[in-house]
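Undergrad: mmCIF, C-alpha atoms, file work_28.cif:
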```cif
data_input
#
loop_
_atom_site.group_PDB
_atom_site.id
_atom_site.type_symbol
_atom_site.label_atom_id
_atom_site.label_comp_id
_atom_site.auth_asym_id
_atom_site.auth_seq_id
_atom_site.Cartn_x
_atom_site.Cartn_y
_atom_site.Cartn_z
ATOM 1 C CA MET A 1 8.506 68.258 -16.785
ATOM 2 C CA ALA A 2 10.876 71.143 -17.405
ATOM 3 C CA ILE A 3 12.447 71.465 -20.830
ATOM 4 C CA ALA A 4 15.932 71.526 -19.313
ATOM 5 C CA ASP A 5 15.272 68.256 -17.508
ATOM 6 C CA VAL A 6 14.032 66.594 -20.681
ATOM 7 C CA SER A 7 16.996 67.858 -22.655
ATOM 8 C CA ALA A 8 19.471 66.599 -20.063
ATOM 9 C CA ALA A 9 17.817 63.200 -19.763
ATOM 10 C CA LEU A 10 16.737 62.481 -23.304
ATOM 11 C CA GLY A 11 18.798 64.756 -25.502
ATOM 12 C CA SER A 12 17.906 67.241 -28.170
ATOM 13 C CA ILE A 13 16.964 66.867 -31.823
ATOM 14 C CA ASP A 14 18.938 69.333 -33.878
ATOM 15 C CA HIS A 15 17.953 70.779 -37.207
ATOM 16 C CA TRP A 16 19.260 68.879 -40.219
ATOM 17 C CA ILE A 17 20.172 71.319 -42.950
ATOM 18 C CA GLY A 18 22.369 70.765 -45.927
ATOM 19 C CA GLY A 19 23.303 67.250 -44.851
ATOM 20 C CA LYS A 20 24.525 68.118 -41.392
ATOM 21 C CA ALA A 21 23.199 68.855 -37.930
ATOM 22 C CA VAL A 22 22.830 72.563 -37.222
ATOM 23 C CA GLN A 23 22.125 73.920 -33.777
ATOM 24 C CA SER A 24 19.493 76.592 -33.284
ATOM 25 C CA ASP A 25 20.480 80.057 -32.180
ATOM 26 C CA SER A 26 17.047 81.082 -30.929
ATOM 27 C CA GLY A 27 17.556 79.952 -27.340
ATOM 28 C CA ARG A 28 14.063 78.486 -27.340
ATOM 29 C CA SER A 29 12.979 74.879 -27.516
ATOM 30 C CA GLY A 30 9.961 72.648 -27.048
ATOM 31 C CA ILE A 31 9.332 69.098 -25.894
ATOM 32 C CA VAL A 32 8.750 66.275 -28.357
ATOM 33 C CA TRP A 33 6.004 64.049 -26.979
ATOM 34 C CA ASN A 34 4.911 60.581 -27.814
ATOM 35 C CA PRO A 35 1.178 61.342 -27.847
ATOM 36 C CA SER A 36 0.263 57.675 -27.501
ATOM 37 C CA THR A 37 2.058 57.331 -24.171
ATOM 38 C CA GLY A 38 2.245 60.886 -22.924
ATOM 39 C CA GLN A 39 5.978 60.500 -22.418
ATOM 40 C CA ALA A 40 8.560 63.106 -23.393
ATOM 41 C CA LYS A 41 11.007 61.852 -26.020
ATOM 42 C CA ALA A 42 13.419 64.736 -26.522
ATOM 43 C CA THR A 43 13.594 68.469 -26.902
ATOM 44 C CA LEU A 44 13.419 70.278 -30.207
ATOM 45 C CA PRO A 45 15.087 73.654 -30.597
ATOM 46 C CA LEU A 46 12.665 76.141 -32.069
ATOM 47 C CA ARG A 47 13.415 78.197 -35.088
ATOM 48 C CA MET A 48 16.701 79.638 -36.234
ATOM 49 C CA THR A 49 16.959 83.112 -37.613
ATOM 50 C CA GLY A 50 16.305 83.307 -41.319
ATOM 51 C CA LYS A 51 19.754 84.534 -42.240
ATOM 52 C CA ARG A 52 21.432 81.703 -40.353
ATOM 53 C CA ILE A 53 19.299 79.121 -42.125
ATOM 54 C CA LEU A 54 20.204 80.546 -45.505
ATOM 55 C CA ARG A 55 23.857 80.816 -44.570
ATOM 56 C CA SER A 56 23.929 77.150 -43.594
ATOM 57 C CA GLN A 57 22.202 76.126 -46.797
ATOM 58 C CA CYS A 58 24.014 78.256 -49.302
ATOM 59 C CA PRO A 59 26.850 80.623 -48.412
ATOM 60 C CA GLY A 60 26.131 84.136 -49.585
ATOM 61 C CA ARG A 61 22.440 83.549 -50.086
ATOM 62 C CA HIS A 62 21.607 85.053 -46.707
ATOM 63 C CA LEU A 63 22.561 88.411 -48.123
ATOM 64 C CA LYS A 64 19.233 88.392 -49.934
ATOM 65 C CA ALA A 65 17.196 87.109 -47.011
ATOM 66 C CA GLY A 66 15.508 90.463 -46.622
ATOM 67 C CA VAL A 67 14.705 90.771 -50.308
ATOM 68 C CA GLY A 68 11.302 89.726 -51.565
ATOM 69 C CA PRO A 69 11.253 86.660 -53.814
ATOM 70 C CA ARG A 70 10.265 88.652 -56.860
ATOM 71 C CA PHE A 71 13.357 90.806 -56.598
ATOM 72 C CA ARG A 72 16.100 88.354 -55.606
ATOM 73 C CA GLY A 73 17.132 88.022 -59.217
ATOM 74 C CA GLU A 74 17.645 91.742 -59.591
ATOM 75 C CA PRO A 75 21.163 92.888 -60.447
ATOM 76 C CA LYS A 76 22.730 95.049 -57.764
ATOM 77 C CA MET B 1 -29.166 68.866 -46.199
ATOM 78 C CA PHE B 2 -26.291 69.769 -44.018
ATOM 79 C CA LYS B 3 -23.319 72.003 -43.959
ATOM 80 C CA LEU B 4 -19.825 71.462 -42.746
ATOM 81 C CA ARG B 5 -17.467 74.101 -41.570
ATOM 82 C CA GLU B 6 -14.058 74.220 -40.111
ATOM 83 C CA LEU B 7 -11.549 76.722 -38.984
ATOM 84 C CA VAL B 8 -8.067 76.062 -40.190
ATOM 85 C CA ASP B 9 -4.730 76.986 -38.688
ATOM 86 C CA ALA B 10 -5.042 80.289 -36.929
ATOM 87 C CA ASN B 11 -7.291 82.044 -39.345
ATOM 88 C CA ARG B 12 -8.799 79.832 -41.933
ATOM 89 C CA ARG B 13 -12.148 78.246 -41.899
ATOM 90 C CA ARG B 14 -13.719 75.671 -44.060
ATOM 91 C CA ILE B 15 -17.414 75.577 -44.637
ATOM 92 C CA ALA B 16 -19.257 72.864 -46.391
ATOM 93 C CA GLU B 17 -22.850 72.233 -47.050
ATOM 94 C CA LEU B 18 -24.514 68.983 -47.790
ATOM 95 C CA ILE B 19 -28.009 68.930 -49.179
ATOM 96 C CA THR B 20 -30.499 66.061 -49.123
ATOM 97 C CA SER B 21 -28.631 63.255 -50.699
ATOM 98 C CA ASP B 22 -27.786 59.677 -50.031
ATOM 99 C CA LEU B 23 -27.711 59.790 -46.259
ATOM 100 C CA ALA B 24 -25.246 56.975 -45.767
ATOM 101 C CA MET B 25 -22.815 58.457 -48.265
ATOM 102 C CA ALA B 26 -23.073 61.870 -46.664
ATOM 103 C CA ALA B 27 -22.621 60.445 -43.169
ATOM 104 C CA ASP B 28 -19.590 58.417 -44.222
ATOM 105 C CA ALA B 29 -18.072 61.491 -45.813
ATOM 106 C CA ALA B 30 -18.699 63.616 -42.746
ATOM 107 C CA ILE B 31 -17.157 61.045 -40.444
ATOM 108 C CA SER B 32 -13.953 60.731 -42.437
ATOM 109 C CA ALA B 33 -13.693 64.473 -43.000
ATOM 110 C CA ALA B 34 -14.342 65.404 -39.384
ATOM 111 C CA TYR B 35 -12.429 62.725 -37.523
ATOM 112 C CA GLY B 36 -9.658 61.789 -39.923
ATOM 113 C CA SER B 37 -6.287 62.640 -38.367
ATOM 114 C CA ALA B 38 -8.291 63.276 -35.178
ATOM 115 C CA GLY B 39 -9.529 66.493 -36.738
ATOM 116 C CA GLU B 40 -6.007 67.900 -36.701
ATOM 117 C CA ARG B 41 -5.674 68.907 -40.322
ATOM 118 C CA CYS B 42 -6.248 72.159 -42.071
ATOM 119 C CA MET B 43 -9.235 71.000 -44.105
ATOM 120 C CA ALA B 44 -10.903 68.901 -41.433
ATOM 121 C CA ILE B 45 -14.577 69.644 -40.899
ATOM 122 C CA SER B 46 -15.863 70.983 -37.612
ATOM 123 C CA VAL B 47 -19.403 72.169 -38.399
ATOM 124 C CA LEU B 48 -22.154 70.534 -40.379
ATOM 125 C CA VAL B 49 -25.429 72.258 -41.193
ATOM 126 C CA ALA B 50 -28.458 70.058 -41.596
ATOM 127 C CA VAL B 51 -31.287 71.549 -43.600
ATOM 128 C CA GLY B 52 -34.891 70.602 -43.045
ATOM 129 C CA ASN B 53 -35.919 67.238 -41.727
ATOM 130 C CA ILE B 54 -32.663 65.507 -42.594
ATOM 131 C CA ALA B 55 -31.142 66.491 -39.251
ATOM 132 C CA ASP B 56 -32.515 63.733 -37.056
ATOM 133 C CA PRO B 57 -31.673 60.789 -39.338
ATOM 134 C CA LEU B 58 -28.330 62.360 -40.108
ATOM 135 C CA VAL B 59 -27.365 62.773 -36.469
ATOM 136 C CA SER B 60 -28.477 59.209 -35.859
ATOM 137 C CA ALA B 61 -26.338 57.959 -38.746
ATOM 138 C CA LEU B 62 -23.357 59.921 -37.484
ATOM 139 C CA ARG B 63 -23.801 58.611 -33.965
ATOM 140 C CA ASP B 64 -23.854 55.032 -35.186
ATOM 141 C CA ARG B 65 -20.644 55.543 -37.104
ATOM 142 C CA ILE B 66 -18.847 57.387 -34.319
ATOM 143 C CA TYR B 67 -19.326 54.453 -31.973
ATOM 144 C CA LYS B 68 -17.513 52.282 -34.503
ATOM 145 C CA ILE B 69 -14.432 54.477 -34.672
ATOM 146 C CA LYS B 70 -11.573 52.634 -33.031
ATOM 147 C CA VAL B 71 -9.252 55.011 -31.223
ATOM 148 C CA GLY B 72 -5.708 54.032 -30.278
ATOM 149 C CA PRO B 73 -2.034 54.522 -31.109
ATOM 150 C CA GLY B 74 -1.628 55.552 -34.701
ATOM 151 C CA ILE B 75 1.134 53.022 -35.339
ATOM 152 C CA GLU B 76 -1.384 50.188 -34.934
ATOM 153 C CA GLU B 77 -3.071 49.601 -38.256
ATOM 154 C CA SER B 78 -6.316 48.441 -36.689
ATOM 155 C CA ASN B 79 -6.980 51.879 -35.210
ATOM 156 C CA ASP B 80 -9.017 54.476 -37.083
ATOM 157 C CA MET B 81 -8.040 57.531 -35.060
ATOM 158 C CA GLY B 82 -4.961 58.369 -33.018
ATOM 159 C CA PRO B 83 -4.283 60.715 -30.115
ATOM 160 C CA LEU B 84 -4.096 64.484 -30.194
ATOM 161 C CA VAL B 85 -0.679 65.993 -30.509
ATOM 162 C CA THR B 86 -0.306 67.453 -27.013
ATOM 163 C CA ARG B 87 -1.968 67.242 -23.638
ATOM 164 C CA GLU B 88 -2.827 70.941 -23.822
ATOM 165 C CA LEU B 89 -4.662 70.499 -27.116
ATOM 166 C CA ARG B 90 -6.517 67.459 -25.804
ATOM 167 C CA ASP B 91 -7.704 69.427 -22.775
ATOM 168 C CA ARG B 92 -8.658 72.417 -24.901
ATOM 169 C CA VAL B 93 -10.669 70.291 -27.315
ATOM 170 C CA ALA B 94 -12.434 68.621 -24.411
ATOM 171 C CA SER B 95 -13.325 72.038 -23.047
ATOM 172 C CA PHE B 96 -15.408 72.765 -26.163
ATOM 173 C CA VAL B 97 -17.480 69.675 -25.446
ATOM 174 C CA GLU B 98 -17.772 70.509 -21.772
ATOM 175 C CA GLY B 99 -18.940 74.067 -22.417
ATOM 176 C CA ALA B 100 -21.406 73.317 -25.215
ATOM 177 C CA PRO B 101 -24.518 72.549 -23.078
ATOM 178 C CA ALA B 102 -24.207 75.827 -21.204
ATOM 179 C CA GLU B 103 -24.541 77.669 -24.487
ATOM 180 C CA GLY B 104 -27.606 75.713 -25.582
ATOM 181 C CA ALA B 105 -26.077 72.896 -27.604
ATOM 182 C CA SER B 106 -26.535 69.245 -26.794
ATOM 183 C CA ILE B 107 -23.913 66.538 -26.686
ATOM 184 C CA ALA B 108 -24.971 63.725 -28.998
ATOM 185 C CA VAL B 109 -21.752 61.801 -28.472
ATOM 186 C CA ASP B 110 -19.301 62.667 -25.703
ATOM 187 C CA GLY B 111 -15.772 61.662 -26.630
ATOM 188 C CA ARG B 112 -14.642 62.220 -23.080
ATOM 189 C CA GLU B 113 -16.652 59.177 -22.064
ATOM 190 C CA ASN B 114 -14.784 56.967 -24.508
ATOM 191 C CA PRO B 115 -12.625 54.615 -22.366
ATOM 192 C CA VAL B 116 -9.625 55.514 -24.495
ATOM 193 C CA SER B 117 -9.746 59.020 -23.050
ATOM 194 C CA LYS B 118 -8.723 57.601 -19.673
ATOM 195 C CA ARG B 119 -5.569 55.818 -20.831
ATOM 196 C CA GLU B 120 -2.036 57.138 -20.966
ATOM 197 C CA GLY B 121 -1.351 59.547 -23.760
ATOM 198 C CA PHE B 122 -3.384 62.352 -25.242
ATOM 199 C CA PHE B 123 -6.398 60.419 -26.434
ATOM 200 C CA LEU B 124 -9.887 61.810 -26.789
ATOM 201 C CA GLY B 125 -12.806 60.010 -28.351
ATOM 202 C CA ALA B 126 -14.831 61.509 -31.192
ATOM 203 C CA SER B 127 -17.544 63.935 -30.092
ATOM 204 C CA LEU B 128 -20.726 65.117 -31.810
ATOM 205 C CA LEU B 129 -22.473 68.322 -30.751
ATOM 206 C CA ASP B 130 -26.041 68.995 -31.888
ATOM 207 C CA HIS B 131 -28.219 72.127 -32.005
ATOM 208 C CA VAL B 132 -25.171 74.354 -32.289
ATOM 209 C CA ARG B 133 -25.815 77.953 -33.321
ATOM 210 C CA PRO B 134 -23.544 80.677 -34.711
ATOM 211 C CA GLY B 135 -21.998 82.636 -31.891
ATOM 212 C CA MET B 136 -21.391 79.660 -29.681
ATOM 213 C CA ARG B 137 -17.780 79.054 -28.744
ATOM 214 C CA CYS B 138 -17.689 75.684 -30.483
ATOM 215 C CA TYR B 139 -18.892 77.404 -33.657
ATOM 216 C CA SER B 140 -16.765 80.512 -33.553
ATOM 217 C CA GLU B 141 -13.403 79.183 -32.439
ATOM 218 C CA GLU B 142 -11.054 76.762 -34.091
ATOM 219 C CA ILE B 143 -11.298 73.402 -32.335
ATOM 220 C CA PHE B 144 -8.720 71.445 -34.345
ATOM 221 C CA GLY B 145 -9.745 68.164 -32.824
ATOM 222 C CA PRO B 146 -12.293 65.343 -33.113
ATOM 223 C CA VAL B 147 -15.432 67.397 -32.500
ATOM 224 C CA LEU B 148 -18.175 67.810 -35.106
ATOM 225 C CA SER B 149 -20.942 70.354 -34.521
ATOM 226 C CA VAL B 150 -24.357 70.129 -36.159
ATOM 227 C CA VAL B 151 -26.259 73.327 -36.936
ATOM 228 C CA ARG B 152 -29.902 72.874 -37.868
ATOM 229 C CA VAL B 153 -31.623 75.239 -40.304
ATOM 230 C CA ASP B 154 -34.915 75.168 -42.148
ATOM 231 C CA THR B 155 -33.976 76.122 -45.680
ATOM 232 C CA TYR B 156 -31.165 76.171 -48.196
ATOM 233 C CA ALA B 157 -31.211 79.963 -48.035
ATOM 234 C CA ASP B 158 -30.650 79.838 -44.284
ATOM 235 C CA ALA B 159 -27.682 77.555 -44.765
ATOM 236 C CA ILE B 160 -26.159 79.780 -47.431
ATOM 237 C CA GLY B 161 -26.709 82.744 -45.137
ATOM 238 C CA ILE B 162 -24.829 81.086 -42.294
ATOM 239 C CA ILE B 163 -21.932 80.223 -44.558
ATOM 240 C CA ASN B 164 -21.675 83.602 -46.189
ATOM 241 C CA GLU B 165 -22.040 85.567 -42.963
ATOM 242 C CA ASN B 166 -19.024 83.792 -41.580
ATOM 243 C CA PRO B 167 -15.843 85.894 -41.718
ATOM 244 C CA TYR B 168 -13.934 82.885 -43.001
ATOM 245 C CA GLY B 169 -14.349 81.104 -46.311
ATOM 246 C CA ASN B 170 -11.725 78.481 -46.882
ATOM 247 C CA GLY B 171 -13.904 75.879 -48.546
ATOM 248 C CA ALA B 172 -17.452 74.627 -48.883
ATOM 249 C CA ALA B 173 -19.115 71.493 -50.128
ATOM 250 C CA ILE B 174 -22.605 70.385 -50.965
ATOM 251 C CA PHE B 175 -23.922 66.860 -50.916
ATOM 252 C CA THR B 176 -26.866 66.402 -53.196
ATOM 253 C CA ARG B 177 -28.372 64.366 -56.006
ATOM 254 C CA ASP B 178 -29.916 67.531 -57.439
ATOM 255 C CA GLY B 179 -27.701 68.914 -60.178
ATOM 256 C CA GLY B 180 -29.489 72.240 -60.104
ATOM 257 C CA ALA B 181 -28.898 72.672 -56.396
ATOM 258 C CA ALA B 182 -25.255 71.746 -56.847
ATOM 259 C CA GLN B 183 -24.804 74.332 -59.583
ATOM 260 C CA GLN B 184 -26.653 77.023 -57.672
ATOM 261 C CA PHE B 185 -24.505 76.331 -54.620
ATOM 262 C CA GLN B 186 -21.353 76.941 -56.630
ATOM 263 C CA PHE B 187 -22.578 80.431 -57.450
ATOM 264 C CA ASP B 188 -24.100 81.265 -54.070
ATOM 265 C CA VAL B 189 -21.413 80.174 -51.663
ATOM 266 C CA GLU B 190 -18.610 82.556 -50.702
ATOM 267 C CA ALA B 191 -15.639 80.251 -50.256
ATOM 268 C CA GLY B 192 -12.397 79.707 -52.067
ATOM 269 C CA MET B 193 -12.766 75.981 -52.642
ATOM 270 C CA VAL B 194 -16.084 74.314 -53.370
ATOM 271 C CA GLY B 195 -16.930 70.628 -53.405
ATOM 272 C CA VAL B 196 -19.930 68.781 -54.792
ATOM 273 C CA ASN B 197 -20.362 65.498 -52.962
ATOM 274 C CA VAL B 198 -16.707 65.868 -51.988
ATOM 275 C CA PRO B 199 -16.375 66.723 -48.296
ATOM 276 C CA ILE B 200 -12.838 68.084 -48.431
ATOM 277 C CA PRO B 201 -12.573 70.002 -51.698
ATOM 278 C CA VAL B 202 -8.824 70.306 -52.003
ATOM 279 C CA PRO B 203 -8.102 70.707 -55.719
ATOM 280 C CA VAL B 204 -5.164 69.275 -57.587
ATOM 281 C CA ALA B 205 -2.094 71.448 -57.331
ATOM 282 C CA TYR B 206 -2.328 73.318 -60.607
ATOM 283 C CA TYR B 207 -5.609 74.898 -59.454
ATOM 284 C CA SER B 208 -3.858 76.226 -56.348
ATOM 285 C CA PHE B 209 -5.199 76.067 -52.790
ATOM 286 C CA GLY B 210 -6.704 78.684 -50.551
ATOM 287 C CA GLY B 211 -9.780 80.417 -49.241
ATOM 288 C CA TRP B 212 -11.623 83.706 -49.394
ATOM 289 C CA LYS B 213 -12.248 86.443 -46.866
ATOM 290 C CA ASP B 214 -10.303 86.010 -43.622
ATOM 291 C CA SER B 215 -9.167 82.578 -44.745
ATOM 292 C CA LEU B 216 -6.579 84.121 -47.006
ATOM 293 C CA PHE B 217 -3.375 85.871 -46.057
ATOM 294 C CA GLY B 218 -2.053 88.236 -48.694
ATOM 295 C CA ASP B 219 -3.629 88.397 -52.114
ATOM 296 C CA LEU B 220 -2.508 85.170 -53.753
ATOM 297 C CA HIS B 221 -3.166 81.513 -53.109
ATOM 298 C CA MET B 222 -0.451 79.000 -52.381
ATOM 299 C CA TYR B 223 0.536 77.253 -55.538
ATOM 300 C CA GLY B 224 -0.448 76.675 -59.128
ATOM 301 C CA PRO B 225 -0.405 79.737 -61.398
ATOM 302 C CA GLU B 226 -0.718 82.075 -58.436
ATOM 303 C CA GLY B 227 2.348 80.533 -56.809
ATOM 304 C CA VAL B 228 4.323 81.125 -59.989
ATOM 305 C CA GLN B 229 3.042 84.677 -60.049
ATOM 306 C CA PHE B 230 4.250 85.277 -56.504
ATOM 307 C CA TYR B 231 7.803 84.228 -57.297
ATOM 308 C CA THR B 232 8.100 85.920 -60.665
ATOM 309 C CA ARG B 233 7.843 89.379 -62.124
ATOM 310 C CA ALA B 234 6.191 89.762 -65.479
ATOM 311 C CA LYS B 235 7.852 91.573 -68.327
ATOM 312 C CA VAL B 236 5.657 92.648 -71.212
ATOM 313 C CA VAL B 237 7.289 93.067 -74.619
ATOM 314 C CA THR B 238 5.434 94.860 -77.375
ATOM 315 C CA SER B 239 7.306 94.461 -80.639
ATOM 316 C CA LEU B 240 6.986 95.032 -84.316
ATOM 317 C CA LEU B 241 9.123 92.946 -86.568
ATOM 318 C CA PHE B 242 10.040 94.342 -89.981
ATOM 319 C CA LEU B 243 9.598 91.031 -91.736
ATOM 320 C CA LYS B 244 9.665 92.457 -95.258
ATOM 321 C CA PHE B 245 12.992 94.088 -94.574
ATOM 322 C CA LEU B 246 14.395 90.854 -93.178
ATOM 323 C CA TYR B 247 13.223 88.787 -96.113
ATOM 324 C CA THR B 248 14.620 91.079 -98.793
ATOM 325 C CA SER B 249 17.929 91.995 -97.265
#
```
Show this structure as structure tokens.

TA:
Amino acid sequence: MAIADVSAALGSIDHWIGGKAVQSDSGRSGIVWNPSTGQAKATLPLRMTGKRILRSQCPGRHLKAGVGPRFRGEPK
Amino acid sequence: MFKLRELVDANRRRIAELITSDLAMAADAAISAAYGSAGERCMAISVLVAVGNIADPLVSALRDRIYKIKVGPGIEESNDMGPLVTRELRDRVASFVEGAPAEGASIAVDGRENPVSKREGFFLGASLLDHVRPGMRCYSEEIFGPVLSVVRVDTYADAIGIINENPYGNGAAIFTRDGGAAQQFQFDVEAGMVGVNVPIPVPVAYYSFGGWKDSLFGDLHMYGPEGVQFYTRAKVVTSLLFLKFLYTS
């Protein structure tokens, strides 16, 4: 079954970040299966870009997305 | 004596060795460690090395237990093992069983013949492969499913050699009633996590988690003190306090 068909028929499960649904910007998705029945249940958008995740969680934090964890506390 | 080994995620492998011990206890441990979560967990066991003449009774004990594993939907409490996560994984896991005889291994229990494998969903019964040797596909590749391979060796040294020659070294365990063998194993084995009569030697969090060799990405393990080290940068202060001056001023 094509992903588009599953999405149209069964809907999509969005990411839930910071208390609200956030849509993926990757353009890619996979099928959520019920492995006990072999039936498709929904589609699941695959990853979002790191900066977008951080932006949705904490405004401004994405600015340090490319900084290693040991150095995020460094003064500019 | 037998050894267990698994490959975890894309690049991690767990190796365990069990030496002449209470056979029933060792078999029970191997069953739960190999087939729990249908073998789909990072520390599941995929290879067991039997040393000496323990192999035949051990395989027999495993076979008896495998036939008692009830496979079905995971939401039903009466089931011991659920389906695999996707159809593709189920077919891939089954391919390891199918290809084993051509490489010289024997199928002691064929999970594909379990009636549950014919029903809707991604079910596959538990499989047991015997006479597996290093280099075979079922030994070298990550199966990540309910397949346990038995490698037979003659001596403890042979078993240690097989473990240590492996490029991966996530974890290892020994099953024994011999305290000396258990202690020697801790020194000999090249793996990041070692168990003694514990088939899945995952330590409590403050000891961290992770393997050696190709079973480790980067240079630090996941959590515990090494996790703190990853997220922090040390600052060393060397100071000399003029206590006399402070007291008299």

Undergrad: Please evaluate the PyMOL selection byres ((chain B) within 7 of (chain A)) against the structure above and give the resulting residues as a ChimeraX atom specification.

TA: /B:73,83-86,120-122,230-233

Undergrad: CA of Val194 (chain B) and CA of Asn170 (chain B) are how many Å apart?

TA: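 Here the two named atoms are 8.9 Å from each other.
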
Undergrad: Which one of B:Arg41, B:Arg63, B:Ala24, B:Cys138 sits closest to Ile200 (chain B) if you count all atoms listed in the file?

TA: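 Among the listed residues, B:Arg41 lies closest to Ile200 (chain B).
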
Undergrad: Could you please determine the separation between CA of Lys41 (chain A) and CA of Gly11 (chain A) in Å, to one decimal place?

TA: 8.3 Å

Undergrad: Write out as a PyMOL selection string which residues come within 6 Å of region 13-17 of chain A when counting only C-alpha atoms, dropping same-chain ones fewer than 5 positions away.

TA: chain A and resi 22-23+44

Undergrad: Would you pick out the contacts of Arg28 (chain A) at 9 Å or less, using all atoms listed in the file, so that residues sharing its chain but fewer than 5 positions from it are not included, and give the list as a list in words?

TA: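 After dropping sequence-adjacent residues, the list is Leu44, Pro45, Leu46 and Arg47 of chain A.
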
Undergrad: Please, what distance in Å, to one decimal, runs between CA of Asn197 (chain B) and CA of Ile174 (chain B)?

TA: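 CA of Ile174 (chain B) lies 5.7 Å from CA of Asn197 (chain B).
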
Undergrad: Name every residue that the PyMOL selection byres ((chain B and resi 192) around 9) selects in this structure, writing the answer as a ChimeraX atom specification with chains first and numbers rising.

TA: /B:169-172,190-191,193-194,209-213,215-216
